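Asks: Below you will find the structure I want to go over with you.
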2 protein chains.
Amino acid sequence: MSLDPALSARLKRNADGLVCAVVVDHATSDVLMVAWMNDEALEKTLTTRRGTYYSRSRQELWVKGETSGHVQHVREVRLDCDGDTVLVRVDQTGPACHTNTRTCFDTDERLLLADDRG
Amino acid sequence: MSLDPALSARLKRNADGLVCAVVVDHATSDVLMVAWMNDEALEKTLTTRRGTYYSRSRQELWVKGETSGHVQHVREVRLDCDGDTVLVRVDQTGPACHTNTRTCFDTDERLLLADDRG
C-alpha cells in the first residue's frame, strides 16, 4: 500500500522527505518522544496502528518497540496547519524512551523551572 | 549574552544548526505548535521567558506574538534524551496558531480517529 494521494499532497516534507512526529500519551497527554516519518512510516502507522518511524541515523523504518516490546498502539493522528508535523496519540506499553524513562524528557536536563516564574 | 557553554555542549543541532521545539500549553498539556530554535532563540527564550524561535523560511529570529499579541510566557524548558528537541511549557495568550485556532493541530486534518480503535 502507499499513502493516500490526497494526504500525500497535504504533506510538507523536509529536504530528507520527512515530517516531524510528536508522540503524546493518550491517557496523560504527556509528550513521550519526537521522531520522524517518511511516507511509508506514516502509511504503516495509519494502517497497522503501531507507531512506526524513520530512523535518520540508520536510514531505515523502525517499528517502535519491535525489539524492546515497548510498542505504541496509535489512537489518533492529526496533521498540523502547514503539513510538516503530525501529532500521534498513543497507548504506550512500558517506557517510551530508549533510556528506560517514561518519556524522552524525563532526564534531569531541565533548563528552566516552572517555579522560577519571575 | 550567548548560550551557556555547558548547555550548548549538550545540544545536538541539525544541519541548519537548529533544534526542534515542541510547545505545550502549561495548563492543559495540549501540544500547541512545533517550531525551531537556533542557539540565540533558545538563549532568548530562557532569559526573556518569551517563546522565541527561528523562522526557517524568513531565516530570522521571531518572538511569538510580536505582531499578533499572542505571546507565550515560558514556564518550563526541558531537553530530551539526545539533545535535539526541547519541550517548552508556556502560558499562551490567545490562539497559538497563525490560522487563529487554539493549537496548530485543530484543523479538520485528523487522519485517524480515537474512536476507530479496532
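Residue names in the C-alpha cells use chain letters A, B, ... in the order shown, residue numbers from 1 in each chain, and ligand numbers from 1 in the order shown.
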Here's a check: after a least-squares fit over all in-order C-alpha atoms, write chain B in the frame of chain A, as an mmCIF file with N, CA and C atoms, in the first residue's frame.
Replies:
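File selection-v4.cif, as written:
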data_model
loop_
_atom_site.group_PDB
_atom_site.id
_atom_site.type_symbol
_atom_site.label_atom_id
_atom_site.label_comp_id
_atom_site.auth_asym_id
_atom_site.auth_seq_id
_atom_site.Cartn_x
_atom_site.Cartn_y
_atom_site.Cartn_z
ATOM 1 N N MET B 1 0.868 -1.215 -0.021
ATOM 2 C CA MET B 1 0.032 -0.009 -0.001
ATOM 3 C C MET B 1 0.918 1.232 -0.009
ATOM 4 N N SER B 2 0.397 2.287 -0.594
ATOM 5 C CA SER B 2 1.101 3.560 -0.485
ATOM 6 C C SER B 2 0.150 4.574 0.126
ATOM 7 N N LEU B 3 0.731 5.697 0.490
ATOM 8 C CA LEU B 3 -0.027 6.725 1.187
ATOM 9 C C LEU B 3 -1.144 7.271 0.293
ATOM 10 N N ASP B 4 -2.286 7.506 0.885
ATOM 11 C CA ASP B 4 -3.420 8.132 0.196
ATOM 12 C C ASP B 4 -2.945 9.401 -0.532
ATOM 13 N N PRO B 5 -3.180 9.505 -1.833
ATOM 14 C CA PRO B 5 -2.685 10.653 -2.601
ATOM 15 C C PRO B 5 -3.171 12.001 -2.063
ATOM 16 N N ALA B 6 -4.406 12.045 -1.559
ATOM 17 C CA ALA B 6 -4.932 13.312 -1.019
ATOM 18 C C ALA B 6 -4.137 13.722 0.218
ATOM 19 N N LEU B 7 -3.795 12.735 1.057
ATOM 20 C CA LEU B 7 -2.978 13.017 2.235
ATOM 21 C C LEU B 7 -1.563 13.387 1.804
ATOM 22 N N SER B 8 -1.024 12.621 0.890
ATOM 23 C CA SER B 8 0.338 12.861 0.408
ATOM 24 C C SER B 8 0.495 14.298 -0.087
ATOM 25 N N ALA B 9 -0.528 14.793 -0.769
ATOM 26 C CA ALA B 9 -0.478 16.146 -1.328
ATOM 27 C C ALA B 9 -0.466 17.212 -0.239
ATOM 28 N N ARG B 10 -0.978 16.862 0.945
ATOM 29 C CA ARG B 10 -1.024 17.843 2.041
ATOM 30 C C ARG B 10 0.285 17.908 2.831
ATOM 31 N N LEU B 11 1.137 16.895 2.678
ATOM 32 C CA LEU B 11 2.363 16.844 3.472
ATOM 33 C C LEU B 11 3.412 17.816 2.937
ATOM 34 N N LYS B 12 4.074 18.479 3.870
ATOM 35 C CA LYS B 12 5.185 19.360 3.510
ATOM 36 C C LYS B 12 6.449 18.730 4.093
ATOM 37 N N ARG B 13 7.084 17.896 3.300
ATOM 38 C CA ARG B 13 8.242 17.134 3.768
ATOM 39 C C ARG B 13 9.497 18.014 3.783
ATOM 40 N N ASN B 14 10.432 17.681 4.662
ATOM 41 C CA ASN B 14 11.703 18.418 4.664
ATOM 42 C C ASN B 14 12.599 17.899 3.533
ATOM 43 N N ALA B 15 13.822 18.410 3.477
ATOM 44 C CA ALA B 15 14.726 18.052 2.378
ATOM 45 C C ALA B 15 14.999 16.552 2.326
ATOM 46 N N ASP B 16 14.844 15.883 3.464
ATOM 47 C CA ASP B 16 15.068 14.436 3.505
ATOM 48 C C ASP B 16 13.781 13.647 3.276
ATOM 49 N N GLY B 17 12.685 14.340 2.943
ATOM 50 C CA GLY B 17 11.422 13.654 2.680
ATOM 51 C C GLY B 17 10.678 13.236 3.936
ATOM 52 N N LEU B 18 10.962 13.930 5.046
ATOM 53 C CA LEU B 18 10.386 13.518 6.333
ATOM 54 C C LEU B 18 9.463 14.588 6.913
ATOM 55 N N VAL B 19 8.504 14.131 7.702
ATOM 56 C CA VAL B 19 7.735 15.047 8.553
ATOM 57 C C VAL B 19 8.046 14.706 10.011
ATOM 58 N N CYS B 20 7.900 15.705 10.868
ATOM 59 C CA CYS B 20 8.161 15.542 12.295
ATOM 60 C C CYS B 20 6.941 14.882 12.945
ATOM 61 N N ALA B 21 7.192 13.946 13.865
ATOM 62 C CA ALA B 21 6.099 13.292 14.588
ATOM 63 C C ALA B 21 6.266 13.539 16.078
ATOM 64 N N VAL B 22 5.288 14.223 16.666
ATOM 65 C CA VAL B 22 5.267 14.441 18.111
ATOM 66 C C VAL B 22 4.332 13.387 18.701
ATOM 67 N N VAL B 23 4.865 12.585 19.599
ATOM 68 C CA VAL B 23 4.116 11.445 20.110
ATOM 69 C C VAL B 23 3.679 11.713 21.553
ATOM 70 N N VAL B 24 2.377 11.613 21.767
ATOM 71 C CA VAL B 24 1.769 12.010 23.041
ATOM 72 C C VAL B 24 1.074 10.800 23.667
ATOM 73 N N ASP B 25 1.174 10.685 24.981
ATOM 74 C CA ASP B 25 0.461 9.644 25.709
ATOM 75 C C ASP B 25 -1.038 9.961 25.697
ATOM 76 N N HIS B 26 -1.836 9.033 25.188
ATOM 77 C CA HIS B 26 -3.264 9.314 25.036
ATOM 78 C C HIS B 26 -3.950 9.522 26.397
ATOM 79 N N ALA B 27 -3.474 8.844 27.414
ATOM 80 C CA ALA B 27 -4.121 8.933 28.726
ATOM 81 C C ALA B 27 -3.731 10.197 29.477
ATOM 82 N N THR B 28 -2.458 10.556 29.445
ATOM 83 C CA THR B 28 -1.983 11.663 30.283
ATOM 84 C C THR B 28 -1.718 12.952 29.500
ATOM 85 N N SER B 29 -1.661 12.856 28.169
ATOM 86 C CA SER B 29 -1.293 13.971 27.283
ATOM 87 C C SER B 29 0.170 14.382 27.400
ATOM 88 N N ASP B 30 0.980 13.625 28.137
ATOM 89 C CA ASP B 30 2.412 13.937 28.197
ATOM 90 C C ASP B 30 3.070 13.681 26.841
ATOM 91 N N VAL B 31 3.982 14.571 26.473
ATOM 92 C CA VAL B 31 4.771 14.332 25.261
ATOM 93 C C VAL B 31 5.790 13.235 25.573
ATOM 94 N N LEU B 32 5.726 12.140 24.842
ATOM 95 C CA LEU B 32 6.588 10.992 25.098
ATOM 96 C C LEU B 32 7.909 11.090 24.348
ATOM 97 N N MET B 33 7.855 11.458 23.083
ATOM 98 C CA MET B 33 9.047 11.462 22.231
ATOM 99 C C MET B 33 8.753 12.255 20.961
ATOM 100 N N VAL B 34 9.816 12.587 20.260
ATOM 101 C CA VAL B 34 9.694 13.188 18.943
ATOM 102 C C VAL B 34 10.504 12.326 17.982
ATOM 103 N N ALA B 35 9.915 11.992 16.848
ATOM 104 C CA ALA B 35 10.611 11.170 15.863
ATOM 105 C C ALA B 35 10.253 11.676 14.474
ATOM 106 N N TRP B 36 10.647 10.952 13.461
ATOM 107 C CA TRP B 36 10.444 11.383 12.085
ATOM 108 C C TRP B 36 9.754 10.299 11.292
ATOM 109 N N MET B 37 8.982 10.684 10.317
ATOM 110 C CA MET B 37 8.290 9.731 9.446
ATOM 111 C C MET B 37 8.514 10.099 7.991
ATOM 112 N N ASN B 38 8.799 9.080 7.189
ATOM 113 C CA ASN B 38 8.667 9.264 5.737
ATOM 114 C C ASN B 38 7.265 8.779 5.350
ATOM 115 N N ASP B 39 6.938 8.831 4.095
ATOM 116 C CA ASP B 39 5.585 8.446 3.677
ATOM 117 C C ASP B 39 5.245 7.025 4.111
ATOM 118 N N GLU B 40 6.213 6.130 3.979
ATOM 119 C CA GLU B 40 5.967 4.731 4.306
ATOM 120 C C GLU B 40 5.698 4.556 5.810
ATOM 121 N N ALA B 41 6.453 5.272 6.632
ATOM 122 C CA ALA B 41 6.249 5.179 8.080
ATOM 123 C C ALA B 41 4.859 5.693 8.462
ATOM 124 N N LEU B 42 4.441 6.791 7.836
ATOM 125 C CA LEU B 42 3.120 7.329 8.134
ATOM 126 C C LEU B 42 2.032 6.362 7.665
ATOM 127 N N GLU B 43 2.204 5.822 6.490
ATOM 128 C CA GLU B 43 1.226 4.882 5.948
ATOM 129 C C GLU B 43 1.110 3.658 6.864
ATOM 130 N N LYS B 44 2.244 3.155 7.310
ATOM 131 C CA LYS B 44 2.216 1.972 8.179
ATOM 132 C C LYS B 44 1.612 2.300 9.544
ATOM 133 N N THR B 45 1.926 3.496 10.051
ATOM 134 C CA THR B 45 1.353 3.913 11.332
ATOM 135 C C THR B 45 -0.169 3.960 11.240
ATOM 136 N N LEU B 46 -0.676 4.502 10.134
ATOM 137 C CA LEU B 46 -2.124 4.654 9.966
ATOM 138 C C LEU B 46 -2.815 3.304 9.741
ATOM 139 N N THR B 47 -2.168 2.406 9.022
ATOM 140 C CA THR B 47 -2.839 1.152 8.664
ATOM 141 C C THR B 47 -2.633 0.061 9.707
ATOM 142 N N THR B 48 -1.471 0.043 10.363
ATOM 143 C CA THR B 48 -1.220 -1.020 11.355
ATOM 144 C C THR B 48 -1.557 -0.555 12.772
ATOM 145 N N ARG B 49 -1.645 0.778 12.960
ATOM 146 C CA ARG B 49 -1.836 1.360 14.295
ATOM 147 C C ARG B 49 -0.701 1.031 15.261
ATOM 148 N N ARG B 50 0.460 0.723 14.736
ATOM 149 C CA ARG B 50 1.684 0.627 15.521
ATOM 150 C C ARG B 50 2.528 1.841 15.186
ATOM 151 N N GLY B 51 3.013 2.569 16.205
ATOM 152 C CA GLY B 51 3.874 3.716 15.959
ATOM 153 C C GLY B 51 5.098 3.281 15.172
ATOM 154 N N THR B 52 5.220 3.822 13.963
ATOM 155 C CA THR B 52 6.293 3.414 13.049
ATOM 156 C C THR B 52 6.980 4.673 12.519
ATOM 157 N N TYR B 53 8.312 4.685 12.559
ATOM 158 C CA TYR B 53 9.067 5.902 12.277
ATOM 159 C C TYR B 53 10.195 5.612 11.297
ATOM 160 N N TYR B 54 10.912 6.674 10.947
ATOM 161 C CA TYR B 54 12.060 6.527 10.074
ATOM 162 C C TYR B 54 13.300 6.937 10.858
ATOM 163 N N SER B 55 14.260 6.052 10.937
ATOM 164 C CA SER B 55 15.495 6.360 11.653
ATOM 165 C C SER B 55 16.449 7.095 10.723
ATOM 166 N N ARG B 56 16.761 8.348 11.097
ATOM 167 C CA ARG B 56 17.675 9.133 10.269
ATOM 168 C C ARG B 56 19.100 8.595 10.369
ATOM 169 N N SER B 57 19.472 8.030 11.526
ATOM 170 C CA SER B 57 20.838 7.518 11.668
ATOM 171 C C SER B 57 20.999 6.175 10.945
ATOM 172 N N ARG B 58 20.020 5.318 11.064
ATOM 173 C CA ARG B 58 20.138 3.998 10.411
ATOM 174 C C ARG B 58 19.543 4.008 9.013
ATOM 175 N N GLN B 59 18.853 5.098 8.662
ATOM 176 C CA GLN B 59 18.212 5.238 7.355
ATOM 177 C C GLN B 59 17.301 4.058 7.021
ATOM 178 N N GLU B 60 16.471 3.730 8.006
ATOM 179 C CA GLU B 60 15.506 2.652 7.771
ATOM 180 C C GLU B 60 14.274 2.848 8.643
ATOM 181 N N LEU B 61 13.206 2.174 8.248
ATOM 182 C CA LEU B 61 11.974 2.200 9.021
ATOM 183 C C LEU B 61 12.161 1.454 10.337
ATOM 184 N N TRP B 62 11.532 1.937 11.402
ATOM 185 C CA TRP B 62 11.534 1.143 12.627
ATOM 186 C C TRP B 62 10.169 1.189 13.280
ATOM 187 N N VAL B 63 9.739 0.027 13.727
ATOM 188 C CA VAL B 63 8.496 -0.071 14.477
ATOM 189 C C VAL B 63 8.874 0.074 15.949
ATOM 190 N N LYS B 64 8.359 1.117 16.582
ATOM 191 C CA LYS B 64 8.670 1.363 17.992
ATOM 192 C C LYS B 64 8.322 0.125 18.818
ATOM 193 N N GLY B 65 9.288 -0.344 19.606
ATOM 194 C CA GLY B 65 9.058 -1.494 20.487
ATOM 195 C C GLY B 65 9.308 -2.838 19.841
ATOM 196 N N GLU B 66 9.746 -2.831 18.601
ATOM 197 C CA GLU B 66 9.948 -4.096 17.883
ATOM 198 C C GLU B 66 10.950 -4.975 18.630
ATOM 199 N N THR B 67 11.997 -4.365 19.165
ATOM 200 C CA THR B 67 12.964 -5.162 19.928
ATOM 201 C C THR B 67 12.714 -5.073 21.438
ATOM 202 N N SER B 68 12.311 -3.891 21.927
ATOM 203 C CA SER B 68 12.143 -3.701 23.379
ATOM 204 C C SER B 68 10.806 -4.209 23.896
ATOM 205 N N GLY B 69 9.840 -4.365 23.005
ATOM 206 C CA GLY B 69 8.485 -4.700 23.444
ATOM 207 C C GLY B 69 7.688 -3.471 23.857
ATOM 208 N N HIS B 70 8.316 -2.291 23.841
ATOM 209 C CA HIS B 70 7.643 -1.056 24.271
ATOM 210 C C HIS B 70 6.878 -0.436 23.106
ATOM 211 N N VAL B 71 5.868 -1.163 22.673
ATOM 212 C CA VAL B 71 5.107 -0.783 21.478
ATOM 213 C C VAL B 71 4.113 0.343 21.780
ATOM 214 N N GLN B 72 3.636 0.930 20.692
ATOM 215 C CA GLN B 72 2.644 2.002 20.784
ATOM 216 C C GLN B 72 1.409 1.621 19.977
ATOM 217 N N HIS B 73 0.270 1.601 20.632
ATOM 218 C CA HIS B 73 -0.992 1.468 19.901
ATOM 219 C C HIS B 73 -1.477 2.870 19.583
ATOM 220 N N VAL B 74 -1.628 3.142 18.305
ATOM 221 C CA VAL B 74 -1.934 4.504 17.862
ATOM 222 C C VAL B 74 -3.436 4.755 17.944
ATOM 223 N N ARG B 75 -3.810 5.796 18.677
ATOM 224 C CA ARG B 75 -5.214 6.135 18.862
ATOM 225 C C ARG B 75 -5.686 7.221 17.921
ATOM 226 N N GLU B 76 -4.803 8.165 17.629
ATOM 227 C CA GLU B 76 -5.213 9.305 16.812
ATOM 228 C C GLU B 76 -3.992 9.921 16.150
ATOM 229 N N VAL B 77 -4.144 10.356 14.916
ATOM 230 C CA VAL B 77 -3.084 11.081 14.213
ATOM 231 C C VAL B 77 -3.698 12.350 13.623
ATOM 232 N N ARG B 78 -3.058 13.477 13.862
ATOM 233 C CA ARG B 78 -3.512 14.758 13.319
ATOM 234 C C ARG B 78 -2.365 15.434 12.577
ATOM 235 N N LEU B 79 -2.720 16.115 11.524
ATOM 236 C CA LEU B 79 -1.752 16.888 10.761
ATOM 237 C C LEU B 79 -1.840 18.342 11.218
ATOM 238 N N ASP B 80 -0.712 19.033 11.229
ATOM 239 C CA ASP B 80 -0.759 20.425 11.675
ATOM 240 C C ASP B 80 -1.104 21.364 10.518
ATOM 241 N N CYS B 81 -1.186 22.650 10.846
ATOM 242 C CA CYS B 81 -1.693 23.659 9.922
ATOM 243 C C CYS B 81 -0.908 23.747 8.617
ATOM 244 N N ASP B 82 0.404 23.517 8.687
ATOM 245 C CA ASP B 82 1.174 23.628 7.447
ATOM 246 C C ASP B 82 1.698 22.293 6.926
ATOM 247 N N GLY B 83 1.244 21.191 7.524
ATOM 248 C CA GLY B 83 1.503 19.873 6.940
ATOM 249 C C GLY B 83 2.893 19.310 7.134
ATOM 250 N N ASP B 84 3.694 19.912 8.036
ATOM 251 C CA ASP B 84 5.041 19.371 8.218
ATOM 252 C C ASP B 84 5.228 18.614 9.536
ATOM 253 N N THR B 85 4.148 18.488 10.308
ATOM 254 C CA THR B 85 4.220 17.804 11.602
ATOM 255 C C THR B 85 2.945 17.002 11.835
ATOM 256 N N VAL B 86 3.096 15.797 12.376
ATOM 257 C CA VAL B 86 1.925 15.044 12.802
ATOM 258 C C VAL B 86 1.963 14.881 14.317
ATOM 259 N N LEU B 87 0.773 14.918 14.905
ATOM 260 C CA LEU B 87 0.618 14.685 16.334
ATOM 261 C C LEU B 87 0.005 13.289 16.478
ATOM 262 N N VAL B 88 0.725 12.411 17.170
ATOM 263 C CA VAL B 88 0.338 11.009 17.257
ATOM 264 C C VAL B 88 -0.015 10.690 18.708
ATOM 265 N N ARG B 89 -1.262 10.328 18.959
ATOM 266 C CA ARG B 89 -1.658 9.980 20.326
ATOM 267 C C ARG B 89 -1.647 8.459 20.444
ATOM 268 N N VAL B 90 -0.962 7.961 21.468
ATOM 269 C CA VAL B 90 -0.757 6.516 21.576
ATOM 270 C C VAL B 90 -1.039 6.008 22.987
ATOM 271 N N ASP B 91 -1.367 4.695 23.040
ATOM 272 C CA ASP B 91 -1.266 3.967 24.295
ATOM 273 C C ASP B 91 0.129 3.352 24.305
ATOM 274 N N GLN B 92 0.976 3.796 25.236
ATOM 275 C CA GLN B 92 2.374 3.376 25.278
ATOM 276 C C GLN B 92 2.541 2.199 26.233
ATOM 277 N N THR B 93 3.093 1.117 25.738
ATOM 278 C CA THR B 93 3.447 -0.014 26.610
ATOM 279 C C THR B 93 4.862 0.200 27.129
ATOM 280 N N GLY B 94 5.030 0.258 28.456
ATOM 281 C CA GLY B 94 6.366 0.442 29.040
ATOM 282 C C GLY B 94 6.902 1.834 28.784
ATOM 283 N N PRO B 95 8.190 2.028 29.088
ATOM 284 C CA PRO B 95 8.798 3.348 28.879
ATOM 285 C C PRO B 95 8.906 3.674 27.401
ATOM 286 N N ALA B 96 8.690 4.944 27.065
ATOM 287 C CA ALA B 96 8.797 5.357 25.661
ATOM 288 C C ALA B 96 10.248 5.601 25.274
ATOM 289 N N CYS B 97 11.083 5.970 26.235
ATOM 290 C CA CYS B 97 12.453 6.379 25.901
ATOM 291 C C CYS B 97 13.391 5.180 25.911
ATOM 292 N N HIS B 98 14.372 5.222 25.018
ATOM 293 C CA HIS B 98 15.345 4.129 24.961
ATOM 294 C C HIS B 98 16.241 4.115 26.205
ATOM 295 N N THR B 99 16.207 5.187 26.989
ATOM 296 C CA THR B 99 16.972 5.216 28.238
ATOM 297 C C THR B 99 16.153 4.630 29.392
ATOM 298 N N ASN B 100 14.974 4.108 29.052
ATOM 299 C CA ASN B 100 14.075 3.466 30.025
ATOM 300 C C ASN B 100 13.351 4.420 30.956
ATOM 301 N N THR B 101 13.346 5.706 30.602
ATOM 302 C CA THR B 101 12.468 6.613 31.334
ATOM 303 C C THR B 101 11.126 6.645 30.603
ATOM 304 N N ARG B 102 10.104 7.127 31.298
ATOM 305 C CA ARG B 102 8.756 7.075 30.747
ATOM 306 C C ARG B 102 8.634 7.912 29.481
ATOM 307 N N THR B 103 9.252 9.089 29.502
ATOM 308 C CA THR B 103 9.278 9.932 28.309
ATOM 309 C C THR B 103 10.723 10.317 28.014
ATOM 310 N N CYS B 104 10.941 10.860 26.826
ATOM 311 C CA CYS B 104 12.296 11.293 26.451
ATOM 312 C C CYS B 104 12.674 12.613 27.117
ATOM 313 N N PHE B 105 11.751 13.185 27.876
ATOM 314 C CA PHE B 105 12.002 14.468 28.522
ATOM 315 C C PHE B 105 12.115 14.321 30.042
ATOM 316 N N ASP B 106 12.262 13.075 30.495
ATOM 317 C CA ASP B 106 12.356 12.804 31.929
ATOM 318 C C ASP B 106 13.793 12.733 32.421
ATOM 319 N N THR B 107 14.685 13.412 31.748
ATOM 320 C CA THR B 107 16.060 13.454 32.239
ATOM 321 C C THR B 107 16.131 14.552 33.280
ATOM 322 N N ASP B 108 17.315 14.819 33.798
ATOM 323 C CA ASP B 108 17.458 15.957 34.712
ATOM 324 C C ASP B 108 17.840 17.222 33.957
ATOM 325 N N GLU B 109 17.687 17.167 32.625
ATOM 326 C CA GLU B 109 18.103 18.299 31.789
ATOM 327 C C GLU B 109 17.010 19.352 31.722
ATOM 328 N N ARG B 110 16.524 19.773 32.847
ATOM 329 C CA ARG B 110 15.513 20.818 32.855
ATOM 330 C C ARG B 110 16.227 22.152 32.855
ATOM 331 N N LEU B 111 15.972 22.954 31.845
ATOM 332 C CA LEU B 111 16.747 24.171 31.657
ATOM 333 C C LEU B 111 16.134 25.349 32.387
ATOM 334 N N LEU B 112 14.832 25.246 32.630
ATOM 335 C CA LEU B 112 14.121 26.365 33.239
ATOM 336 C C LEU B 112 12.962 25.753 34.024
ATOM 337 N N LEU B 113 12.825 26.131 35.264
ATOM 338 C CA LEU B 113 11.813 25.518 36.111
ATOM 339 C C LEU B 113 10.548 26.348 36.165
ATOM 340 N N ALA B 114 9.408 25.657 36.256
ATOM 341 C CA ALA B 114 8.135 26.346 36.390
ATOM 342 C C ALA B 114 8.155 27.268 37.601
ATOM 343 N N ASP B 115 8.828 26.810 38.661
ATOM 344 C CA ASP B 115 8.818 27.548 39.913
ATOM 345 C C ASP B 115 9.628 28.846 39.852
ATOM 346 N N ASP B 116 10.425 28.950 38.779
ATOM 347 C CA ASP B 116 11.256 30.143 38.628
ATOM 348 C C ASP B 116 10.445 31.378 38.237
ATOM 349 N N ARG B 117 9.165 31.189 37.991
ATOM 350 C CA ARG B 117 8.372 32.297 37.428
ATOM 351 C C ARG B 117 8.688 33.612 38.126
ATOM 352 N N GLY B 118 9.113 34.549 37.327
ATOM 353 C CA GLY B 118 9.555 35.813 37.931
ATOM 354 C C GLY B 118 8.565 36.925 37.692
#
Asks: From chain B, collect each residue whose DSSP state is helix (DSSP H, G or I) and return the set as number ranges by chain.
Replies: B: 5-10, 39-48, 114-116
